[in-house]
Amino acid sequence: MPVSGVIIKCRPEDVASVAAELADLESLEIHHQLQDALVAVIDCQSVDGELSVISRINAVAGVIDVRLAYHNFEDLTL
Amino acid sequence: MDLNRRDFIKSSAAAAALAALSGGKIGGSLAEAADGGIKWGKAPCRFCGTGCGVLVGVKDGRIVATKGDPQAPVNKGLNCIKGYFLSKVLNGKDRLTKPLIRKGDKMVEASWDEAMTLIASKFKESIAKHGPDSVAIYGSGQWTVFEGYAAAKLFKGGIGTNNIEPNARLCMASAVTGFMTTFASDEPMGCYDDLDLGDTYFLWGANMAECHPVLFSRLIDNRLKNPKVKIIDFGTRHTRTSQMADKYIRFNPQTDLALLNAIAHIIVRDKTYDEEFIKKHTVFRKGKTNIGYGLEDKFKFADDPKPMTFEEYKEFLKPYTPEYVAKLSGVPAKTIEEVARLYADKSRKVNSLWTMGFNQHVRGTWVNNLVYNVHLLTGKICKPGENPMSLTGQPSACGTAREVGTFTHRLPADMVVTNPEHRAKAAGIWGVDVKKIPEKPSYHATEMFRALDRGDIKVIWSQVTNPFQSMPNLNRYRKGARKGDGRFVIVSDIYPTRSTELADVVLPSASWVEKEGFFGNAERRGQQWYKMVDAPGEAKSDLWQILELARRLGYGNLFPYKYVEKEIFEEYRKFTGGGKDLAPYEAYTKSRGLRWPYVNGKETLWRYAEGHDPYVKAGEGVKFYKNKATEGKAVIWARPYEPAAEVPDKQFPFWLCTGRVLEHWHTGTMTGRVPELKRAYGAAVCEIHPDDAKKLGIKQGGKVKLTSKRGSIVLTADLRGRGKAEKGNVFVAFFDENKLINELCIDAYCPISGEPDFKKCAVKLEKA
């Protein structure tokens, strides 16, 4: 299962609402909530799945952008 | 993956993100503890000219993970979305693994010996029959520094031809000639620190949010911290960048020339220029006008610079009133005034950023000159947080193509073949007879492929690029490659492409961390990496291939290296003193890159600036010391507005612009391999304004036929995509190997730089 760590950048006034909106998004776990960002982990069946989650995050009001910090795909057969 | 391991990995993922956010203060050791069994190595990203640091994780001979390198000053632990696919792009099922030789209609597997024997014989035959100028190599801004250097040395110092060109002719040539004519030295004076330190950013025809995402993130972060920061997006199409900017200014294609002159006009009119700076650090020049478009084969142009006074320059600017330019450009006069005011605002640290909108332009050199003019008139240059910054597209168009000089007219370190002193220096370092290096440039990229079509070039070798998808007026050049009559095309790549399909020999190459490498990014930062995994099958590095040809042609003595990469680098370094100084190889292996000039153990962040650039003496303030002819002054050029090569008319009423989108790199040979990316942004579409679509009876998702004088294509219409076309304009990305949009593009080029204009030609649209 590929796993990635992402940073979801928001304006300080939007962080809470973005976190709330993303709280029940499948395959996404929010690990840390900071002043202007969320640290989240995406855990999916495929890289395709990860990309869909990214698209979903980007569509949430208040999200400035999503940045990738870490990507592990050691059990992905290619 | 068992649950324990999965939890460890998820901790790693979160920790890495935290580390990136905190600049390495939190999380680093947590991440390392959880990794178990993964060996991490550093490398710059394979994709764009930003040059993000990536840590590549290898386990059991396979790449199993990547992460943004938290120690990399460029990106501090972040990657953009293409970072997801860095290793997957190497692992597509159809990776080339064996040499292929064309036999009739089929490509037949062959051994390396067979393939190289054939290639060498074709080179020898052609050189003997038709001379050294009948053979050529077309390389790349994605070549490593070692590869570019070896190719230049072999062709110019061994074979004795200037027939070497990089695909960077198609992306950065105008930026280069802009630098050379204004400053007498290539490459920016500023660096990425300017993105954090400035407060005013003018983006000109550059979709940074999609094409330099991590750099754009730095601008956004700056703006989040500092409410004074303004990002102004000048574009001919509304993009994600426009959406994120404080102001989007739409202008008619080509009128960037007039707009920049109007801004200068206002600055002169209102006397908001820096008189002292102009006096101390600039001279004025004018060149030829009505300079043509390069549409005829063997088109030649030589400028004729003449000195000008400041008063004469002011006269030149007189016609560029806000009212006149408003009519021409579609930008309201009030907006032009506001922009000029911002540019000249002494309380603001102003930066201009640009890429292909300025460079892929039939007056690309001129428009680069004109943006420098504004910064030179106001003295807003060579200061931390305040610079004009030419952004580079490819990962090593700077480091390899431009700095090593893999162009027909070039030698390393800004030197040119036309200068006898430069040829002598090169010959000395290369250990060849100076008479070997030809003194006349031969063909730039477009002319090279025209020469192949005509048969003046017989043998051409393409490496790390895809010309038979990316050349403008593509049909002519695709046909030219297969005309036979002694023509022989060799293509080295990692996947089958629209170029390998036209080749007589296809060679399988190693890619990125499958070989030791060195790239130079857009802020003069050279970055080295070691080989981390083996290339598949029998694939070999392009460097090995060049050296193998050299040996077989009898020029092995030019490459007597044991540790090839390091020795090539140290030899190349000999060229770079006096302002382009590179550090010793070890320094790069140990660091996250270094910005040249590197002198006495220190990088240079801001060139030409006292206190930052070691070549500027105390008391000089600013000195453009590479411009010996003007005694260290920059040139303010009087360059007029001239129209595009092909303008919409009754028959072809739309402007066609081409370019990139976030998910795909260039011609999609690497990113097209990833099914996920293909799904995110699958086939190329035609961005069209809803009003235009309505008039033509075209609906969202419907089919539209685009036709230019050169070709025709049917695409799916996109009326509400991430990029939104303006009225009278359409945009198509060039990544799709099944939708060769470049067949419609015109092979008109800037007469000074030779760079084609991929942004402007005329098309008609019909419902299909």
# chains A, B, ... in the order shown; residues from 1 in each chain; ligands from 1
$ residues_around --residues "Cys10 of chain A" --least-positions-apart "3" --cutoff "7 Å" --atoms "only C-alpha atoms" --output "list in words"
Asp14, Val15, Asp36, Ala37, Gly62, Val63 and Ile64 of chain A
$ closest_atom_pairs --of "chain A" --to "chain B" --cutoff "7 Å" --atoms "only C-alpha atoms" --output "JSON lines"
{"residue": "A:Val3", "atom": "CA", "partner": "B:Lys10", "partner_atom": "CA", "distance": 6.6}
{"residue": "A:Ser4", "atom": "CA", "partner": "B:Ala13", "partner_atom": "CA", "distance": 5.7}
{"residue": "A:Gly5", "atom": "CA", "partner": "B:Ala13", "partner_atom": "CA", "distance": 4.2}
{"residue": "A:Val6", "atom": "CA", "partner": "B:Ala17", "partner_atom": "CA", "distance": 5.9}
{"residue": "A:Ile7", "atom": "CA", "partner": "B:Ala17", "partner_atom": "CA", "distance": 6.1}
{"residue": "A:His31", "atom": "CA", "partner": "B:Ala14", "partner_atom": "CA", "distance": 6.7}
{"residue": "A:Val39", "atom": "CA", "partner": "B:Ala17", "partner_atom": "CA", "distance": 6.3}
{"residue": "A:Ala40", "atom": "CA", "partner": "B:Ala14", "partner_atom": "CA", "distance": 6.5}
{"residue": "A:Val41", "atom": "CA", "partner": "B:Ala14", "partner_atom": "CA", "distance": 6.1}
{"residue": "A:Val47", "atom": "CA", "partner": "B:Glu676", "partner_atom": "CA", "distance": 6.8}
{"residue": "A:Asp48", "atom": "CA", "partner": "B:Glu676", "partner_atom": "CA", "distance": 4.7}
{"residue": "A:Arg67", "atom": "CA", "partner": "B:Cys80", "partner_atom": "CA", "distance": 5.8}
{"residue": "A:Leu68", "atom": "CA", "partner": "B:Asn79", "partner_atom": "CA", "distance": 5.0}
{"residue": "A:Ala69", "atom": "CA", "partner": "B:Leu78", "partner_atom": "CA", "distance": 5.0}
{"residue": "A:Tyr70", "atom": "CA", "partner": "B:Lys67", "partner_atom": "CA", "distance": 4.1}
{"residue": "A:His71", "atom": "CA", "partner": "B:Thr66", "partner_atom": "CA", "distance": 5.3}
{"residue": "A:Asn72", "atom": "CA", "partner": "B:Ala65", "partner_atom": "CA", "distance": 4.2}
{"residue": "A:Phe73", "atom": "CA", "partner": "B:Val64", "partner_atom": "CA", "distance": 5.3}
{"residue": "A:Glu74", "atom": "CA", "partner": "B:Val64", "partner_atom": "CA", "distance": 4.3}
{"residue": "A:Asp75", "atom": "CA", "partner": "B:Met1", "partner_atom": "CA", "distance": 6.5}
{"residue": "A:Leu78", "atom": "CA", "partner": "B:Asn91", "partner_atom": "CA", "distance": 7.0}
$ write_last_selection --atoms "C-alpha atoms" --output "PDB file, in the first residue's frame"
ATOM      1  CA  VAL A   3       1.866   5.677   1.937  1.00  0.00           C
ATOM      2  CA  SER A   4       2.588   9.382   1.641  1.00  0.00           C
ATOM      3  CA  GLY A   5       3.040  12.255   4.041  1.00  0.00           C
ATOM      4  CA  VAL A   6       1.658  15.583   2.867  1.00  0.00           C
ATOM      5  CA  ILE A   7       1.404  19.148   4.052  1.00  0.00           C
ATOM      6  CA  HIS A  31      -1.674  13.744  12.280  1.00  0.00           C
ATOM      7  CA  VAL A  39       0.180  17.314   8.399  1.00  0.00           C
ATOM      8  CA  ALA A  40      -1.605  14.318   6.961  1.00  0.00           C
ATOM      9  CA  VAL A  41      -0.845  10.766   5.926  1.00  0.00           C
ATOM     10  CA  VAL A  47      -0.723   5.693  -6.373  1.00  0.00           C
ATOM     11  CA  ASP A  48      -3.874   6.412  -8.362  1.00  0.00           C
ATOM     12  CA  ARG A  67       2.813  19.549  -0.819  1.00  0.00           C
ATOM     13  CA  LEU A  68       4.381  16.109  -0.817  1.00  0.00           C
ATOM     14  CA  ALA A  69       6.996  15.359   1.818  1.00  0.00           C
ATOM     15  CA  TYR A  70       7.352  11.577   1.795  1.00  0.00           C
ATOM     16  CA  HIS A  71       6.291   8.673  -0.387  1.00  0.00           C
ATOM     17  CA  ASN A  72       6.840   4.993   0.345  1.00  0.00           C
ATOM     18  CA  PHE A  73       5.836   2.385  -2.241  1.00  0.00           C
ATOM     19  CA  GLU A  74       7.959  -0.571  -1.178  1.00  0.00           C
ATOM     20  CA  ASP A  75       5.172  -3.101  -1.543  1.00  0.00           C
ATOM     21  CA  LEU A  78       5.188  -2.616 -10.858  1.00  0.00           C
TER      22      LEU A  78
END
$ residues_around --residues "Trp461 of chain B" --least-positions-apart "6" --cutoff "9 Å" --atoms "only C-alpha atoms" --output "list in words"
Val135, Ala136, Ile137, Tyr138, Gly139, Phe488, Val489, Ile490, Val491 and Ser492 of chain B
$ select_by_dssp --residues "segment 340-559 of chain B" --states "alpha helix (DSSP H)" --output "JSON, numbers by chain"
{"B": [340, 341, 342, 343, 344, 356, 357, 358, 359, 364, 365, 366, 367, 368, 369, 370, 371, 372, 373, 374, 375, 376, 377, 378, 420, 421, 422, 423, 424, 425, 426, 427, 428, 429, 430, 445, 446, 447, 448, 449, 450, 451, 452, 453, 454, 467, 468, 469, 470, 474, 475, 476, 477, 478, 479, 480, 481, 542, 543, 544, 545, 546, 547, 548, 549, 550, 551, 552]}
$ residues_around --residues "segment 371-378 of chain B" --least-positions-apart "4" --cutoff "8 Å" --atoms "only C-alpha atoms" --output "list in words"
Thr182, Leu260, Ile263, Ala264, Ile267, Thr272, Tyr273, Asp274, Glu275, Phe277, Ile278, Thr282, Tyr343, Ala344, Ser352, Val367, Asn387, Pro388, Ala634, Ile636 and Trp637 of chain B
$ select_by_dssp --residues "segment 339-433 of chain B" --states "strand (DSSP E)" --output "list in words"
Val350, Asn351, Ser352, Leu353, Trp354, Pro388, Met389 and Ser390 of chain B
$ write_last_selection --atoms "N, CA and C atoms" --output "mmCIF file, in the first residue's frame"
data_model
loop_
_atom_site.group_PDB
_atom_site.id
_atom_site.type_symbol
_atom_site.label_atom_id
_atom_site.label_comp_id
_atom_site.auth_asym_id
_atom_site.auth_seq_id
_atom_site.Cartn_x
_atom_site.Cartn_y
_atom_site.Cartn_z
ATOM 1 N N VAL B 350 11.024 44.848 -5.903
ATOM 2 C CA VAL B 350 10.313 44.357 -7.080
ATOM 3 C C VAL B 350 11.100 43.279 -7.821
ATOM 4 N N ASN B 351 10.399 42.230 -8.201
ATOM 5 C CA ASN B 351 10.982 41.146 -8.980
ATOM 6 C C ASN B 351 10.127 40.868 -10.201
ATOM 7 N N SER B 352 10.756 40.493 -11.293
ATOM 8 C CA SER B 352 10.030 40.001 -12.466
ATOM 9 C C SER B 352 10.445 38.551 -12.682
ATOM 10 N N LEU B 353 9.488 37.718 -13.022
ATOM 11 C CA LEU B 353 9.773 36.308 -13.266
ATOM 12 C C LEU B 353 9.150 35.911 -14.588
ATOM 13 N N TRP B 354 9.858 35.145 -15.361
ATOM 14 C CA TRP B 354 9.315 34.723 -16.655
ATOM 15 C C TRP B 354 9.935 33.423 -17.098
ATOM 16 N N PRO B 388 15.351 40.867 -11.526
ATOM 17 C CA PRO B 388 14.644 40.173 -12.603
ATOM 18 C C PRO B 388 15.147 38.733 -12.599
ATOM 19 N N MET B 389 14.249 37.755 -12.638
ATOM 20 C CA MET B 389 14.702 36.373 -12.632
ATOM 21 C C MET B 389 14.121 35.552 -13.768
ATOM 22 N N SER B 390 15.011 35.178 -14.647
ATOM 23 C CA SER B 390 14.642 34.276 -15.726
ATOM 24 C C SER B 390 14.552 32.867 -15.143
#
$ residues_around --residues "segment 524-537 of chain B" --least-positions-apart "4" --cutoff "6 Å" --atoms "only C-alpha atoms" --output "list in words"
Ala43, Gly61, Thr97, Ala510, Val513, Glu514, Lys515, Glu516, Gly517, Phe518, Phe519, Gly520, Tyr588, Thr589, Gly593, Leu594, Arg595 and Trp596 of chain B
